[in-house]
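The next block holds one structure in the form of structure tokens; read it before the comments.
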Amino acid sequence: SGELYCSLPNPRNVRFESLNMKNVLHWSAPEGTGDGVLYKVKYSVYGVGKWIRKPECRNINRTWCDLSSETSDYEEQYYASVKAFLNGMCSDWMETTRFNPLTDTKIDPPMVSISSTDKSISIILTAPEKWKRSPEEESISLLQVYPGLQYNVSVLNKKTKKRWFFSISNNTLVVPWLEPGTAYCVSAKIHVTTPLLDSGFSKEQCIATLKDK
Amino acid sequence: TAGNKIFHFGACRVSMSMTEIRSGFTAIKANIQSRDPIRSLSILSHPHSLHKVKTSDRCCITHHLFDFYVDKVFKHCKTEDSFVNRKISSIANSFLSVRRRLGQCHEQNNCVCGEESTEKFNQILANYEGLNVTSAAMKSLGELDILLDWME
């Protein structure tokens, strides 16, 4: 394949970056090489001997490659590898550590929608969906992937600065006995106890309880 | 205790400190897996995935696997790293109590072994015995998350 002499420095920090099981291989360019470096990528399923080339990431000059489709079965574990080319020279294949989509992904915060009455706030939480190949594909909520998924919800009384924390498994929370005509701010995150996974908190949303009738 | 999880295998109920085991394994996963250079062989997941085991066989397979890890894996996983060794023995201790509980279930006939689970476990043993003891034990330890993922 025209690989002459593999003395090019290696790609560095080859790793998977995964969010909601969108699994993208990333790496850094070999040290001391300017522009013009090209790369190719291969991956393998752990326990199966074959390395499989990724055609869409052959002779690319970017330093990432989306392997979400190839690593979508989260009951399997994977390796990926990158090789660099420049002026007829090449590097060694540089591998990731073993990638387990189930434990090594990061999770987005939940979607939060809130409404209020005069004395309560209702909060509806929606877990993010697992990455999917196309919009037509059936959606899989991360709730189905992680049955032990919980929501940690923070509610702040903007006037008194008093904050409550709730930890719930179902996706609806009603906070009662609130002060009418008062602004409350809500933020939520996802917590999975095992495997241990935590999202960040969602962007704070504020709503006022209705004034007394 | 916090992080304990109750597993139901038919009439057999087993409590397991899953969070503790998971965090122990996560702390040493990269270290242990880097000692296993063989990509083309898996002890637990190929050619037959644990995820294909029938519900009725889950208890038996789990019982076999805990025996397997206690009797054939942990004791052969000494490393030069005391941190790693401590984590391994902590995981091993957690496995010991679960194995004892599963053994009781087996004695009380609540953990029956069907043909399929016996065959599946024999495949796992064959994979294990295809390597030298230390490599096989280290590879099996590196696959602990496969077992935990399947259990959960």
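For the structure tokens, the naming scheme is as follows: chains receive sequential letters (A, B, ...) according to their order of presentation, residues are indexed from 1 within each chain, and ligands are indexed from 1 in presentation order.
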Q: May I have the residues of chain A within 12 Å of chain B, counting only C-alpha atoms, written as a ChimeraX atom specification?
A: /A:43-51,73-80,95-104,145-148,192-197
Give me a file of those residues, with N, CA, C and O atoms, as a compact mmCIF listing (two decimals), in the first residue's frame.
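Saved result, part-v6.txt, follows:
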```
# COMPACT_ATOMS: atom_id res chain seq x y z
N TYR A 43 -10.65 -0.40 13.27
CA TYR A 43 -11.21 -0.71 14.60
C TYR A 43 -11.41 -2.22 14.72
O TYR A 43 -11.37 -2.94 13.70
N SER A 44 -11.59 -2.70 15.94
CA SER A 44 -11.87 -4.14 16.11
C SER A 44 -12.80 -4.33 17.30
O SER A 44 -12.82 -3.52 18.23
N VAL A 45 -13.56 -5.42 17.23
CA VAL A 45 -14.41 -5.80 18.34
C VAL A 45 -13.56 -6.68 19.25
O VAL A 45 -12.91 -7.64 18.78
N TYR A 46 -13.57 -6.34 20.53
CA TYR A 46 -12.73 -7.13 21.46
C TYR A 46 -13.22 -8.58 21.48
O TYR A 46 -14.42 -8.86 21.57
N GLY A 47 -12.26 -9.50 21.35
CA GLY A 47 -12.61 -10.93 21.36
C GLY A 47 -12.76 -11.50 19.97
O GLY A 47 -12.79 -12.71 19.78
N VAL A 48 -12.80 -10.58 18.98
CA VAL A 48 -12.88 -11.03 17.58
C VAL A 48 -11.59 -10.55 16.93
O VAL A 48 -11.23 -9.40 17.06
N GLY A 49 -10.89 -11.39 16.24
CA GLY A 49 -9.52 -11.06 15.87
C GLY A 49 -9.36 -9.99 14.80
O GLY A 49 -8.34 -9.36 14.68
N LYS A 50 -10.42 -9.75 14.00
CA LYS A 50 -10.26 -8.95 12.79
C LYS A 50 -10.18 -7.45 13.03
O LYS A 50 -11.00 -6.89 13.76
N TRP A 51 -9.21 -6.81 12.39
CA TRP A 51 -9.20 -5.34 12.34
C TRP A 51 -9.98 -4.94 11.10
O TRP A 51 -9.79 -5.51 10.03
N ASP A 73 -23.22 -1.37 19.24
CA ASP A 73 -23.66 -2.48 20.10
C ASP A 73 -22.96 -2.36 21.45
O ASP A 73 -21.76 -2.70 21.58
N TYR A 74 -23.68 -1.90 22.44
CA TYR A 74 -22.99 -1.61 23.71
C TYR A 74 -22.82 -2.85 24.58
O TYR A 74 -22.39 -2.77 25.71
N GLU A 75 -23.15 -4.00 23.98
CA GLU A 75 -22.84 -5.26 24.70
C GLU A 75 -21.46 -5.75 24.30
O GLU A 75 -20.99 -6.77 24.80
N GLU A 76 -20.85 -5.04 23.38
CA GLU A 76 -19.49 -5.38 22.95
C GLU A 76 -18.51 -4.32 23.44
O GLU A 76 -18.92 -3.23 23.86
N GLN A 77 -17.22 -4.65 23.33
CA GLN A 77 -16.18 -3.67 23.64
C GLN A 77 -15.26 -3.56 22.43
O GLN A 77 -15.20 -4.47 21.61
N TYR A 78 -14.53 -2.47 22.33
CA TYR A 78 -13.85 -2.18 21.06
C TYR A 78 -12.45 -1.61 21.27
O TYR A 78 -12.13 -1.07 22.35
N TYR A 79 -11.65 -1.75 20.24
CA TYR A 79 -10.38 -1.03 20.13
C TYR A 79 -10.43 -0.26 18.80
O TYR A 79 -11.11 -0.68 17.85
N ALA A 80 -9.70 0.84 18.72
CA ALA A 80 -9.52 1.53 17.44
C ALA A 80 -8.06 1.93 17.34
O ALA A 80 -7.35 1.99 18.36
N GLU A 95 -3.02 2.60 19.19
CA GLU A 95 -4.32 2.07 19.61
C GLU A 95 -4.93 2.83 20.77
O GLU A 95 -4.21 3.44 21.57
N THR A 96 -6.25 2.72 20.89
CA THR A 96 -6.94 3.19 22.09
C THR A 96 -6.80 2.13 23.18
O THR A 96 -6.40 1.00 22.91
N THR A 97 -7.21 2.51 24.37
CA THR A 97 -7.46 1.48 25.39
C THR A 97 -8.78 0.80 25.03
O THR A 97 -9.47 1.24 24.11
N ARG A 98 -9.12 -0.26 25.75
CA ARG A 98 -10.37 -0.97 25.44
C ARG A 98 -11.55 -0.05 25.76
O ARG A 98 -11.62 0.55 26.84
N PHE A 99 -12.44 0.08 24.79
CA PHE A 99 -13.56 1.01 24.93
C PHE A 99 -14.84 0.24 25.20
O PHE A 99 -15.24 -0.63 24.41
N ASN A 100 -15.50 0.58 26.33
CA ASN A 100 -16.78 -0.05 26.70
C ASN A 100 -17.85 1.03 26.62
O ASN A 100 -17.93 1.89 27.51
N PRO A 101 -18.65 1.04 25.54
CA PRO A 101 -19.62 2.14 25.36
C PRO A 101 -20.53 2.34 26.57
O PRO A 101 -20.90 3.45 26.89
N LEU A 102 -20.83 1.25 27.26
CA LEU A 102 -21.80 1.34 28.36
C LEU A 102 -21.23 2.11 29.55
O LEU A 102 -21.91 2.91 30.18
N THR A 103 -19.94 1.90 29.82
CA THR A 103 -19.36 2.55 31.01
C THR A 103 -18.52 3.76 30.65
O THR A 103 -18.24 4.59 31.50
N ASP A 104 -18.10 3.87 29.39
CA ASP A 104 -17.16 4.93 29.03
C ASP A 104 -17.81 6.11 28.32
O ASP A 104 -17.12 7.00 27.84
N VAL A 145 -31.35 2.09 28.58
CA VAL A 145 -30.00 1.54 28.63
C VAL A 145 -29.53 1.40 30.08
O VAL A 145 -28.88 0.42 30.46
N TYR A 146 -29.91 2.38 30.89
CA TYR A 146 -29.49 2.39 32.30
C TYR A 146 -30.74 2.34 33.19
O TYR A 146 -31.24 3.40 33.60
N PRO A 147 -31.24 1.18 33.49
CA PRO A 147 -32.48 1.07 34.27
C PRO A 147 -32.38 1.77 35.64
O PRO A 147 -33.38 2.22 36.17
N GLY A 148 -31.17 1.88 36.17
CA GLY A 148 -31.03 2.50 37.50
C GLY A 148 -30.88 4.01 37.43
O GLY A 148 -30.51 4.66 38.40
N VAL A 192 -26.42 7.86 37.44
CA VAL A 192 -26.55 6.41 37.34
C VAL A 192 -25.59 5.83 38.37
O VAL A 192 -24.39 6.15 38.36
N THR A 193 -26.13 5.02 39.31
CA THR A 193 -25.26 4.56 40.40
C THR A 193 -24.26 3.51 39.90
O THR A 193 -23.11 3.53 40.24
N THR A 194 -24.79 2.56 39.07
CA THR A 194 -23.84 1.58 38.57
C THR A 194 -24.24 1.11 37.17
O THR A 194 -25.39 0.74 37.00
N PRO A 195 -23.37 1.24 36.16
CA PRO A 195 -22.05 1.81 36.31
C PRO A 195 -22.16 3.29 36.67
O PRO A 195 -23.14 3.93 36.33
N LEU A 196 -21.16 3.78 37.38
CA LEU A 196 -21.24 5.15 37.89
C LEU A 196 -21.13 6.16 36.75
O LEU A 196 -20.10 6.26 36.08
N LEU A 197 -22.21 6.89 36.49
CA LEU A 197 -22.23 7.91 35.43
C LEU A 197 -23.01 9.12 35.96
O LEU A 197 -24.07 8.94 36.56
```
(Q) Env of A:Ala183: 6 Å cut, atoms = only C-alpha atoms, seq-sep filter 5 positions within chain, self excluded. Answer as a PyMOL selection string. (A) chain A and resi 158+207-208
Produce a file of the selected residues containing all heavy atoms, as a PDB file, in the first residue's frame.
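Wrote it out as selection_34.pdb, contents follow:
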```
ATOM      1  N   LYS A 158     -35.642  32.158  44.480  1.00  0.00           N
ATOM      2  CA  LYS A 158     -34.763  33.286  44.135  1.00  0.00           C
ATOM      3  C   LYS A 158     -34.815  34.372  45.185  1.00  0.00           C
ATOM      4  O   LYS A 158     -33.863  35.117  45.365  1.00  0.00           O
ATOM      5  CB  LYS A 158     -35.127  33.855  42.760  1.00  0.00           C
ATOM      6  CG  LYS A 158     -34.507  33.081  41.620  1.00  0.00           C
ATOM      7  CD  LYS A 158     -34.470  33.862  40.327  1.00  0.00           C
ATOM      8  CE  LYS A 158     -33.178  34.633  40.164  1.00  0.00           C
ATOM      9  NZ  LYS A 158     -33.058  35.225  38.800  1.00  0.00           N
ATOM     10  N   ILE A 207     -39.141  30.154  36.858  1.00  0.00           N
ATOM     11  CA  ILE A 207     -40.565  30.357  36.660  1.00  0.00           C
ATOM     12  C   ILE A 207     -41.137  30.955  37.937  1.00  0.00           C
ATOM     13  O   ILE A 207     -40.622  30.689  39.027  1.00  0.00           O
ATOM     14  CB  ILE A 207     -41.256  29.020  36.327  1.00  0.00           C
ATOM     15  CG1 ILE A 207     -42.681  29.242  35.822  1.00  0.00           C
ATOM     16  CG2 ILE A 207     -41.262  28.065  37.507  1.00  0.00           C
ATOM     17  CD1 ILE A 207     -43.302  28.012  35.215  1.00  0.00           C
ATOM     18  N   ALA A 208     -42.177  31.771  37.786  1.00  0.00           N
ATOM     19  CA  ALA A 208     -42.781  32.364  38.978  1.00  0.00           C
ATOM     20  C   ALA A 208     -44.077  31.646  39.300  1.00  0.00           C
ATOM     21  O   ALA A 208     -44.847  31.294  38.393  1.00  0.00           O
ATOM     22  CB  ALA A 208     -43.056  33.848  38.746  1.00  0.00           C
TER      23      ALA A 208
END
```
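Picture a line from atom CA of B:Gln123 to atom CA of B:Glu107; it runs 24.0 Å.
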(Q) I'd like the neighbourhood of A:Ser169 as number ranges by chain, where a residue qualifies if any of its atoms comes within 12 Å (using only C-alpha atoms), though same-chain residues fewer than 2 positions away should be ignored. (A) A: 124-127, 143, 146-153, 166-167, 171-173, 189-193
Could you save the residues just selected, with C-alpha atoms, as a CSV table (one decimal), in the first residue's frame?
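Final output, selection_17.csv:
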```csv
chain,number,residue,atom,x,y,z
A,124,ILE,CA,-41.0,17.0,33.8
A,125,LEU,CA,-37.7,15.5,33.0
A,126,THR,CA,-36.7,13.7,29.8
A,127,ALA,CA,-33.5,11.6,29.6
A,143,LEU,CA,-33.4,5.3,30.6
A,146,TYR,CA,-29.5,2.4,32.3
A,147,PRO,CA,-32.5,1.1,34.3
A,148,GLY,CA,-31.0,2.5,37.5
A,149,LEU,CA,-31.0,6.0,36.1
A,150,GLN,CA,-32.1,8.7,38.5
A,151,TYR,CA,-32.6,12.5,38.3
A,152,ASN,CA,-31.2,14.9,40.8
A,153,VAL,CA,-33.2,18.1,40.8
A,166,PHE,CA,-34.5,16.0,45.2
A,167,SER,CA,-33.4,12.6,43.9
A,171,ASN,CA,-39.6,11.7,35.5
A,172,THR,CA,-42.1,14.0,37.1
A,173,LEU,CA,-41.7,16.1,40.3
A,189,LYS,CA,-28.8,16.3,36.3
A,190,ILE,CA,-28.8,12.5,35.6
A,191,HIS,CA,-27.1,10.1,38.1
A,192,VAL,CA,-26.5,6.4,37.3
A,193,THR,CA,-25.3,4.6,40.4
```
(Q) as an MDAnalysis selection string, please: the residues near B:Ala137 (cut-off 12 Å, only C-alpha atoms, same-chain neighbours under 6 positions excluded). (A) chainID B and resid 32:33 35:36 42:44 68:79 88 125 127:131 143:144
Q.
Can you pull out the residues contacting B:Ser97? Cut-off 12 Å, using only C-alpha atoms, and skip same-chain residues under 6 positions away; I want them as a ChimeraX atom specification.
A. /B:14-17,63,66-67,70,90-91,103-104
Expected file: the selected residues, N, CA, C and O atoms, as a PDB file, in the first residue's frame:
```pdb
ATOM      1  N   VAL B  14     -29.813 -12.305  45.878  1.00  0.00           N
ATOM      2  CA  VAL B  14     -28.409 -12.082  46.251  1.00  0.00           C
ATOM      3  C   VAL B  14     -28.138 -10.581  46.345  1.00  0.00           C
ATOM      4  O   VAL B  14     -28.448  -9.844  45.414  1.00  0.00           O
ATOM      5  N   SER B  15     -27.593 -10.161  47.464  1.00  0.00           N
ATOM      6  CA  SER B  15     -27.238  -8.746  47.629  1.00  0.00           C
ATOM      7  C   SER B  15     -25.761  -8.579  47.297  1.00  0.00           C
ATOM      8  O   SER B  15     -24.930  -9.397  47.696  1.00  0.00           O
ATOM      9  N   MET B  16     -25.453  -7.514  46.552  1.00  0.00           N
ATOM     10  CA  MET B  16     -24.069  -7.360  46.084  1.00  0.00           C
ATOM     11  C   MET B  16     -23.686  -5.881  46.117  1.00  0.00           C
ATOM     12  O   MET B  16     -24.470  -5.027  45.696  1.00  0.00           O
ATOM     13  N   SER B  17     -22.465  -5.606  46.610  1.00  0.00           N
ATOM     14  CA  SER B  17     -22.035  -4.198  46.696  1.00  0.00           C
ATOM     15  C   SER B  17     -21.502  -3.765  45.325  1.00  0.00           C
ATOM     16  O   SER B  17     -20.301  -3.587  45.125  1.00  0.00           O
ATOM     17  N   HIS B  63     -23.613 -18.294  39.297  1.00  0.00           N
ATOM     18  CA  HIS B  63     -22.987 -19.124  40.327  1.00  0.00           C
ATOM     19  C   HIS B  63     -21.658 -19.693  39.817  1.00  0.00           C
ATOM     20  O   HIS B  63     -20.605 -19.561  40.443  1.00  0.00           O
ATOM     21  N   PHE B  66     -19.012 -16.861  39.520  1.00  0.00           N
ATOM     22  CA  PHE B  66     -18.425 -16.397  40.785  1.00  0.00           C
ATOM     23  C   PHE B  66     -17.441 -17.436  41.321  1.00  0.00           C
ATOM     24  O   PHE B  66     -16.382 -17.089  41.847  1.00  0.00           O
ATOM     25  N   ASP B  67     -17.778 -18.717  41.177  1.00  0.00           N
ATOM     26  CA  ASP B  67     -16.808 -19.765  41.531  1.00  0.00           C
ATOM     27  C   ASP B  67     -15.537 -19.588  40.705  1.00  0.00           C
ATOM     28  O   ASP B  67     -14.418 -19.643  41.225  1.00  0.00           O
ATOM     29  N   VAL B  70     -13.451 -16.596  41.843  1.00  0.00           N
ATOM     30  CA  VAL B  70     -12.833 -16.791  43.164  1.00  0.00           C
ATOM     31  C   VAL B  70     -11.745 -17.872  43.084  1.00  0.00           C
ATOM     32  O   VAL B  70     -10.643 -17.697  43.606  1.00  0.00           O
ATOM     33  N   SER B  90      -9.988  -6.408  47.389  1.00  0.00           N
ATOM     34  CA  SER B  90     -11.273  -5.864  47.833  1.00  0.00           C
ATOM     35  C   SER B  90     -12.407  -6.424  46.967  1.00  0.00           C
ATOM     36  O   SER B  90     -13.443  -6.853  47.474  1.00  0.00           O
ATOM     37  N   ILE B  91     -12.173  -6.476  45.663  1.00  0.00           N
ATOM     38  CA  ILE B  91     -13.183  -7.044  44.758  1.00  0.00           C
ATOM     39  C   ILE B  91     -13.369  -8.526  45.072  1.00  0.00           C
ATOM     40  O   ILE B  91     -14.492  -9.030  45.153  1.00  0.00           O
ATOM     41  N   GLY B 103     -24.032 -20.206  46.469  1.00  0.00           N
ATOM     42  CA  GLY B 103     -23.863 -21.627  46.810  1.00  0.00           C
ATOM     43  C   GLY B 103     -25.032 -22.139  47.621  1.00  0.00           C
ATOM     44  O   GLY B 103     -25.548 -23.237  47.391  1.00  0.00           O
ATOM     45  N   GLN B 104     -25.499 -21.293  48.547  1.00  0.00           N
ATOM     46  CA  GLN B 104     -26.672 -21.681  49.371  1.00  0.00           C
ATOM     47  C   GLN B 104     -27.894 -21.873  48.462  1.00  0.00           C
ATOM     48  O   GLN B 104     -28.633 -22.860  48.593  1.00  0.00           O
TER      49      GLN B 104
END
```
Q | Who sits within 12 Å of stretch 55-64 of chain A, only C-alpha atoms, same chain under 4 positions skipped, as a VMD selection string | A | chain A and resid 11 to 17 23 to 30 34 to 43 68 to 70 80 to 86 90
Where does DSSP see helix (DSSP H, G or I) in stretch 3-208 of chain A, if you list the residues as an mmCIF file with N, CA and C atoms, in the first residue's frame?
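Just written: out_0.cif:
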```cif
data_model
loop_
_atom_site.group_PDB
_atom_site.id
_atom_site.type_symbol
_atom_site.label_atom_id
_atom_site.label_comp_id
_atom_site.auth_asym_id
_atom_site.auth_seq_id
_atom_site.Cartn_x
_atom_site.Cartn_y
_atom_site.Cartn_z
ATOM 1 N N PRO A 101 -18.649 1.038 25.541
ATOM 2 C CA PRO A 101 -19.618 2.136 25.361
ATOM 3 C C PRO A 101 -20.530 2.335 26.567
ATOM 4 N N LEU A 102 -20.834 1.253 27.258
ATOM 5 C CA LEU A 102 -21.800 1.336 28.362
ATOM 6 C C LEU A 102 -21.225 2.115 29.548
ATOM 7 N N THR A 103 -19.941 1.900 29.816
ATOM 8 C CA THR A 103 -19.363 2.548 31.007
ATOM 9 C C THR A 103 -18.520 3.761 30.651
ATOM 10 N N ASP A 104 -18.105 3.870 29.388
ATOM 11 C CA ASP A 104 -17.158 4.928 29.031
ATOM 12 C C ASP A 104 -17.813 6.112 28.325
ATOM 13 N N LEU A 142 -31.880 6.772 27.072
ATOM 14 C CA LEU A 142 -30.823 6.230 27.939
ATOM 15 C C LEU A 142 -31.436 5.615 29.204
ATOM 16 N N LEU A 143 -32.680 5.930 29.454
ATOM 17 C CA LEU A 143 -33.400 5.303 30.564
ATOM 18 C C LEU A 143 -33.531 3.808 30.325
ATOM 19 N N GLN A 144 -33.654 3.406 29.053
ATOM 20 C CA GLN A 144 -33.758 1.985 28.722
ATOM 21 C C GLN A 144 -32.392 1.328 28.837
ATOM 22 N N VAL A 145 -31.353 2.093 28.581
ATOM 23 C CA VAL A 145 -29.998 1.536 28.628
ATOM 24 C C VAL A 145 -29.532 1.402 30.081
#
```
Q) Residues at most 7 Å from B:Val112, counting only C-alpha atoms, excluding those fewer than 3 positions away in the same chain, as a PyMOL selection string? A) chain B and resi 60+106+109
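In terms of minimum interatomic distance to B:Leu102, B:Ile61 ranks closest within B:Met138, B:Ala126, B:Ile61, B:Val84, counting only C-alpha atoms.
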